[in-house]
$ cat model.csv   # CSV, C-alpha atoms
chain,number,residue,atom,x,y,z
A,28,MET,CA,-108.0,52.9,18.7
A,29,ARG,CA,-105.8,50.8,20.9
A,30,THR,CA,-104.2,49.3,17.8
A,31,SER,CA,-103.4,52.7,16.5
A,32,ARG,CA,-101.8,53.8,19.8
A,33,THR,CA,-99.8,50.6,19.9
A,34,LYS,CA,-98.5,51.2,16.4
A,35,ILE,CA,-97.5,54.8,17.3
A,36,ARG,CA,-95.7,53.6,20.4
A,37,ARG,CA,-93.9,50.9,18.4
A,38,ASN,CA,-92.9,53.4,15.8
A,39,ARG,CA,-91.5,55.8,18.4
A,40,ILE,CA,-89.4,53.0,19.9
A,41,ILE,CA,-88.1,52.0,16.5
A,42,PHE,CA,-87.3,55.6,15.8
A,43,LEU,CA,-85.4,56.0,19.2
A,44,VAL,CA,-83.4,52.8,18.6
A,45,ILE,CA,-82.4,54.0,15.1
A,46,LEU,CA,-81.5,57.5,16.5
A,47,ILE,CA,-79.4,55.9,19.3
A,48,LEU,CA,-77.6,53.7,16.8
A,49,LEU,CA,-76.9,56.6,14.6
A,50,LEU,CA,-75.5,58.7,17.5
A,51,VAL,CA,-73.3,55.8,18.6
A,52,GLY,CA,-72.0,55.4,15.1
A,53,ILE,CA,-71.3,59.1,14.7
A,54,PHE,CA,-69.5,59.2,18.1
A,55,TYR,CA,-67.4,56.1,17.1
A,56,LEU,CA,-66.3,57.7,13.9
A,57,ILE,CA,-65.4,61.0,15.5
A,58,SER,CA,-63.4,59.3,18.4
A,59,HIS,CA,-61.7,56.8,16.1
A,60,PHE,CA,-60.7,58.9,13.2
A,61,VAL,CA,-60.7,62.6,14.1
A,62,LEU,CA,-59.6,62.6,17.8
A,63,ARG,CA,-57.2,59.8,17.4
A,64,SER,CA,-55.4,61.4,14.5
A,65,ASP,CA,-54.7,64.5,16.6
A,66,LYS,CA,-53.7,62.7,19.7
A,67,PRO,CA,-49.9,61.9,20.1
A,68,THR,CA,-48.8,58.4,21.0
A,69,MET,CA,-46.3,57.5,23.7
A,70,GLY,CA,-43.4,58.2,21.4
A,71,GLY,CA,-44.8,61.4,20.0
A,72,ASN,CA,-47.1,61.6,16.9
A,73,SER,CA,-49.0,58.7,15.4
A,74,SER,CA,-47.0,56.3,13.2
A,75,ALA,CA,-48.5,57.7,10.0
A,76,SER,CA,-47.7,61.3,11.0
A,77,GLN,CA,-44.2,60.4,12.1
A,78,SER,CA,-43.6,58.5,8.9
A,79,ASN,CA,-44.7,61.5,6.8
A,80,LYS,CA,-42.5,63.9,8.8
A,81,THR,CA,-39.5,61.5,8.4
A,82,THR,CA,-40.1,61.3,4.7
A,83,GLU,CA,-40.3,65.0,4.4
A,84,SER,CA,-37.1,65.5,6.4
A,85,GLN,CA,-35.3,62.9,4.3
A,86,ASN,CA,-36.4,64.6,1.1
A,87,LYS,CA,-35.3,68.0,2.3
A,88,SER,CA,-31.9,66.5,3.4
A,89,ASN,CA,-31.5,64.8,0.1
A,90,GLU,CA,-32.4,68.0,-1.8
A,91,ASN,CA,-29.9,70.0,0.2
A,92,GLY,CA,-27.2,67.4,-0.3
A,93,ASP,CA,-27.8,67.2,-4.0
A,94,ALA,CA,-27.8,70.9,-4.3
A,95,LYS,CA,-24.4,71.1,-2.6
A,96,ALA,CA,-23.0,68.2,-4.5
A,97,HIS,CA,-24.0,69.7,-7.8
A,98,ASP,CA,-22.8,73.2,-7.1
A,99,LYS,CA,-20.7,73.6,-10.3
A,100,ASN,CA,-19.3,76.9,-9.0
A,101,LEU,CA,-17.9,75.4,-5.8
A,102,TRP,CA,-14.3,75.6,-7.2
A,103,LYS,CA,-14.6,79.4,-7.3
A,104,LYS,CA,-15.6,79.8,-3.6
A,105,PRO,CA,-14.1,79.3,-0.1
A,106,THR,CA,-15.3,76.0,1.1
A,107,GLY,CA,-14.2,76.5,4.7
A,108,ASP,CA,-13.2,79.1,7.3
A,109,TYR,CA,-9.7,80.6,7.2
A,110,PRO,CA,-8.4,80.6,10.8
A,111,ASN,CA,-5.6,82.8,12.2
A,112,LEU,CA,-2.7,80.4,12.3
A,113,GLU,CA,-0.6,82.7,14.4
A,114,LYS,CA,-2.4,81.5,17.5
A,115,VAL,CA,-2.1,77.8,16.6
A,116,ASN,CA,0.5,75.8,18.5
A,117,ASP,CA,0.2,72.3,17.0
A,118,LEU,CA,-1.0,72.6,13.4
A,119,LYS,CA,-1.8,69.3,11.6
A,120,ILE,CA,-3.4,68.5,8.3
A,121,LEU,CA,-5.7,65.5,7.7
A,122,VAL,CA,-6.8,64.5,4.2
A,123,ASP,CA,-9.8,62.2,4.1
A,124,THR,CA,-9.9,60.6,0.7
A,125,LYS,CA,-13.1,58.8,1.4
A,126,ASN,CA,-15.1,62.0,2.1
A,127,GLN,CA,-13.0,64.3,-0.1
A,128,LYS,CA,-12.2,66.7,2.7
A,129,THR,CA,-9.0,68.3,4.1
A,130,PHE,CA,-9.1,69.2,7.8
A,131,LEU,CA,-6.9,71.5,9.8
A,132,TYR,CA,-6.3,70.7,13.5
A,133,ASP,CA,-4.6,72.4,16.4
A,134,GLY,CA,-3.6,69.3,18.2
A,135,SER,CA,-7.0,67.5,18.6
A,136,GLU,CA,-9.1,70.6,18.0
A,137,ARG,CA,-10.6,70.9,14.6
A,138,LEU,CA,-10.1,74.3,13.1
A,139,THR,CA,-11.7,74.1,9.7
A,140,SER,CA,-12.3,71.8,6.7
A,141,PHE,CA,-12.1,72.2,2.9
A,142,VAL,CA,-13.8,70.3,0.0
A,143,VAL,CA,-11.1,68.8,-2.1
A,144,SER,CA,-10.5,66.3,-5.0
A,145,THR,CA,-8.0,63.6,-4.5
A,146,GLY,CA,-6.7,61.0,-6.9
A,147,ILE,CA,-8.8,59.0,-9.3
A,148,LEU,CA,-9.2,55.5,-7.8
A,149,ASP,CA,-7.7,53.6,-10.8
A,150,GLY,CA,-4.5,52.3,-9.2
A,151,ASP,CA,-2.2,54.7,-11.0
A,152,SER,CA,-3.5,58.0,-9.9
A,153,ASN,CA,-4.3,57.3,-6.2
A,154,THR,CA,-3.3,59.9,-3.7
A,155,PRO,CA,-0.7,58.2,-1.5
A,156,LEU,CA,-1.9,57.3,2.0
A,157,GLY,CA,0.3,57.8,5.0
A,158,ASP,CA,2.2,60.4,7.0
A,159,TYR,CA,4.0,63.3,5.2
A,160,VAL,CA,5.0,66.9,5.8
A,161,ILE,CA,4.7,70.2,4.0
A,162,GLU,CA,8.0,70.5,2.1
A,163,ASN,CA,10.0,73.6,1.0
A,164,GLU,CA,8.8,73.6,-2.6
A,165,ARG,CA,5.8,75.9,-3.4
A,166,GLY,CA,4.9,78.3,-6.2
A,167,GLU,CA,2.2,80.4,-7.8
A,168,ASN,CA,1.7,78.2,-10.9
A,169,PHE,CA,3.0,75.3,-12.9
A,170,PHE,CA,2.1,73.3,-16.1
A,171,ALA,CA,2.8,69.6,-16.6
A,172,ALA,CA,2.9,68.9,-20.3
A,173,SER,CA,2.7,65.1,-19.6
A,174,PHE,CA,-0.7,65.6,-18.1
A,175,GLY,CA,-1.8,68.6,-20.3
A,176,GLU,CA,-2.7,70.3,-17.0
A,177,GLY,CA,-1.3,72.8,-14.6
A,178,ALA,CA,-2.5,74.6,-11.5
A,179,ASN,CA,-2.1,77.7,-9.3
A,180,TYR,CA,-0.9,78.1,-5.7
A,181,TRP,CA,0.8,74.7,-5.3
A,182,VAL,CA,2.4,73.4,-2.1
A,183,SER,CA,4.5,70.1,-2.1
A,184,PHE,CA,3.8,67.4,0.5
A,185,LYS,CA,5.7,64.4,-1.0
A,186,ASP,CA,8.7,63.8,-3.3
A,187,HIS,CA,9.6,67.5,-3.5
A,188,GLY,CA,7.3,68.8,-6.2
A,189,ILE,CA,5.6,65.6,-7.3
A,190,TYR,CA,2.6,65.4,-4.9
A,191,LEU,CA,1.0,68.7,-4.2
A,192,PHE,CA,-1.9,70.7,-2.8
A,193,HIS,CA,-3.0,73.0,-5.5
A,194,SER,CA,-5.9,74.7,-7.2
A,195,VAL,CA,-8.3,73.1,-9.6
A,196,PRO,CA,-6.5,72.5,-13.0
A,197,THR,CA,-5.5,75.1,-15.6
A,198,ASP,CA,-4.6,74.6,-19.2
A,199,GLU,CA,-1.4,75.6,-21.0
A,200,ASN,CA,-2.6,79.2,-21.2
A,201,GLY,CA,-3.3,79.4,-17.5
A,202,ASP,CA,-7.1,79.3,-17.8
A,203,TYR,CA,-9.0,77.1,-15.5
A,204,ILE,CA,-10.3,73.9,-17.1
A,205,VAL,CA,-14.0,74.3,-16.1
A,206,SER,CA,-14.9,70.6,-16.9
A,207,GLU,CA,-12.3,69.5,-14.4
A,208,ALA,CA,-12.9,72.3,-11.9
A,209,GLU,CA,-16.6,71.2,-11.6
A,210,LYS,CA,-15.5,67.8,-10.3
A,211,LEU,CA,-14.3,69.4,-7.0
A,212,GLY,CA,-15.6,67.1,-4.2
A,213,LYS,CA,-15.0,63.9,-6.2
A,214,PRO,CA,-11.9,61.9,-6.9
A,215,ALA,CA,-10.5,63.5,-10.0
A,216,SER,CA,-6.8,64.2,-9.8
A,217,HIS,CA,-3.6,62.4,-10.8
A,218,GLY,CA,-2.7,62.0,-7.1
A,219,CYS,CA,-2.4,65.6,-5.9
A,220,VAL,CA,-5.0,67.3,-3.7
A,221,ARG,CA,-7.1,69.8,-5.6
A,222,MET,CA,-8.7,72.7,-3.8
A,223,SER,CA,-11.0,75.6,-4.8
A,224,VAL,CA,-9.1,78.6,-6.1
A,225,PRO,CA,-9.5,80.8,-2.9
A,226,ASP,CA,-8.8,77.8,-0.7
A,227,ALA,CA,-5.6,76.9,-2.6
A,228,LYS,CA,-4.5,80.6,-2.4
A,229,TRP,CA,-5.0,80.8,1.3
A,230,PHE,CA,-3.3,77.4,1.8
A,231,TYR,CA,-0.3,78.5,-0.3
A,232,GLU,CA,0.0,81.8,1.6
A,233,ASN,CA,-0.5,80.5,5.2
A,234,ILE,CA,0.4,76.8,5.7
A,235,PRO,CA,4.0,76.7,7.0
A,236,THR,CA,6.8,74.4,5.8
A,237,GLY,CA,7.1,71.4,8.2
A,238,THR,CA,3.4,71.1,9.0
A,239,PRO,CA,2.5,67.3,9.4
A,240,VAL,CA,0.2,65.9,6.8
A,241,LYS,CA,-1.7,62.6,7.3
A,242,ILE,CA,-3.6,61.1,4.4
A,243,ILE,CA,-6.2,58.4,5.1
$ encode --input "model.csv" --output "structure tokens"
Amino acid sequence: MRTSRTKIRRNRIIFLVILILLLVGIFYLISHFVLRSDKPTMGGNSSASQSNKTTESQNKSNENGDAKAHDKNLWKKPTGDYPNLEKVNDLKILVDTKNQKTFLYDGSERLTSFVVSTGILDGDSNTPLGDYVIENERGENFFAASFGEGANYWVSFKDHGIYLFHSVPTDENGDYIVSEAEKLGKPASHGCVRMSVPDAKWFYENIPTGTPVKII
């Protein structure tokens, strides 16, 4: 009888020990994996969570950049705002050949920017760097037989009709060359500064002769 009671007591102790170990194990798992994953660290979220968010952000940024870079209809659209230049006292133009952008400034204040295509970087068709000025020569269209291309809404900035701001290229019939127009935003010209059609038209109609032009 005593042996039986001893065995029962021993079994109860073993059972309690096993139960305690199980509870401790469950509590450890909950605190280590569940609670820790939801608890922010000193710098914010846990490193894994932060890494995931960073990756997602980079992917979205890349997707947006790729979508914009591959917008084949960009040449048909305004790529910047069109400010009222009547209120501008110190208009300046900056062409950034590295980033394929043309900026308008009023003194040091940036007014707007446009996506452009400058010269192909082959040594012969580079857009000339330096300081220039908007010259008297401008027109609604031209065609250069030597290049097999023309353009609309051209404005000269160097050598009086040689280096121009103008629209994306046209063929001898005055139709836009789509394969060339779709290159807007990348170096593609023979040295001139190509613009989208609406940007070139606005530029032609609004930028006054004598405006300083800096090309970097």
$ residues_around --input "model.csv" --residues "Asp158 of chain A" --least-positions-apart "3" --cutoff "8 Å" --atoms "only C-alpha atoms" --output "ChimeraX atom specification"
/A:239-242
$ atom_distance --input "model.csv" --atom1 "atom CA of Thr236 of chain A" --atom2 "atom CA of Asn179 of chain A"
17.8 Å
$ residues_around --input "model.csv" --residues "Trp102 of chain A" --least-positions-apart "6" --cutoff "10 Å" --atoms "only C-alpha atoms" --output "list in words"
Val142, Val143, Ser194, Val195, Tyr203, Val205, Glu207, Ala208, Glu209, Lys210, Leu211, Gly212, Arg221, Met222, Ser223, Val224, Pro225, Asp226 and Ala227 of chain A
$ atom_distance --input "model.csv" --atom1 "atom CA of Arg37 of chain A" --atom2 "atom CA of Tyr55 of chain A"
27.0 Å
$ atom_distance --input "model.csv" --atom1 "atom CA of Ile161 of chain A" --atom2 "atom CA of Asn200 of chain A"
27.7 Å
$ residues_around --input "model.csv" --residues "Thr139 of chain A" --least-positions-apart "6" --cutoff "10 Å" --atoms "only C-alpha atoms" --output "JSON, numbers by chain"
{"A": [106, 107, 108, 109, 110, 129, 130, 131, 132, 133]}
$ closest_residue --input "model.csv" --among "A:Leu43, A:Gly52, A:Ile243, A:Phe230" --to "Leu112 of chain A" --atoms "all atoms listed in the file"
A:Phe230
$ closest_residue --input "model.csv" --among "A:Lys103, A:Ile204, A:Gly166, A:Lys213" --to "Asn126 of chain A" --atoms "all atoms listed in the file"
A:Lys213
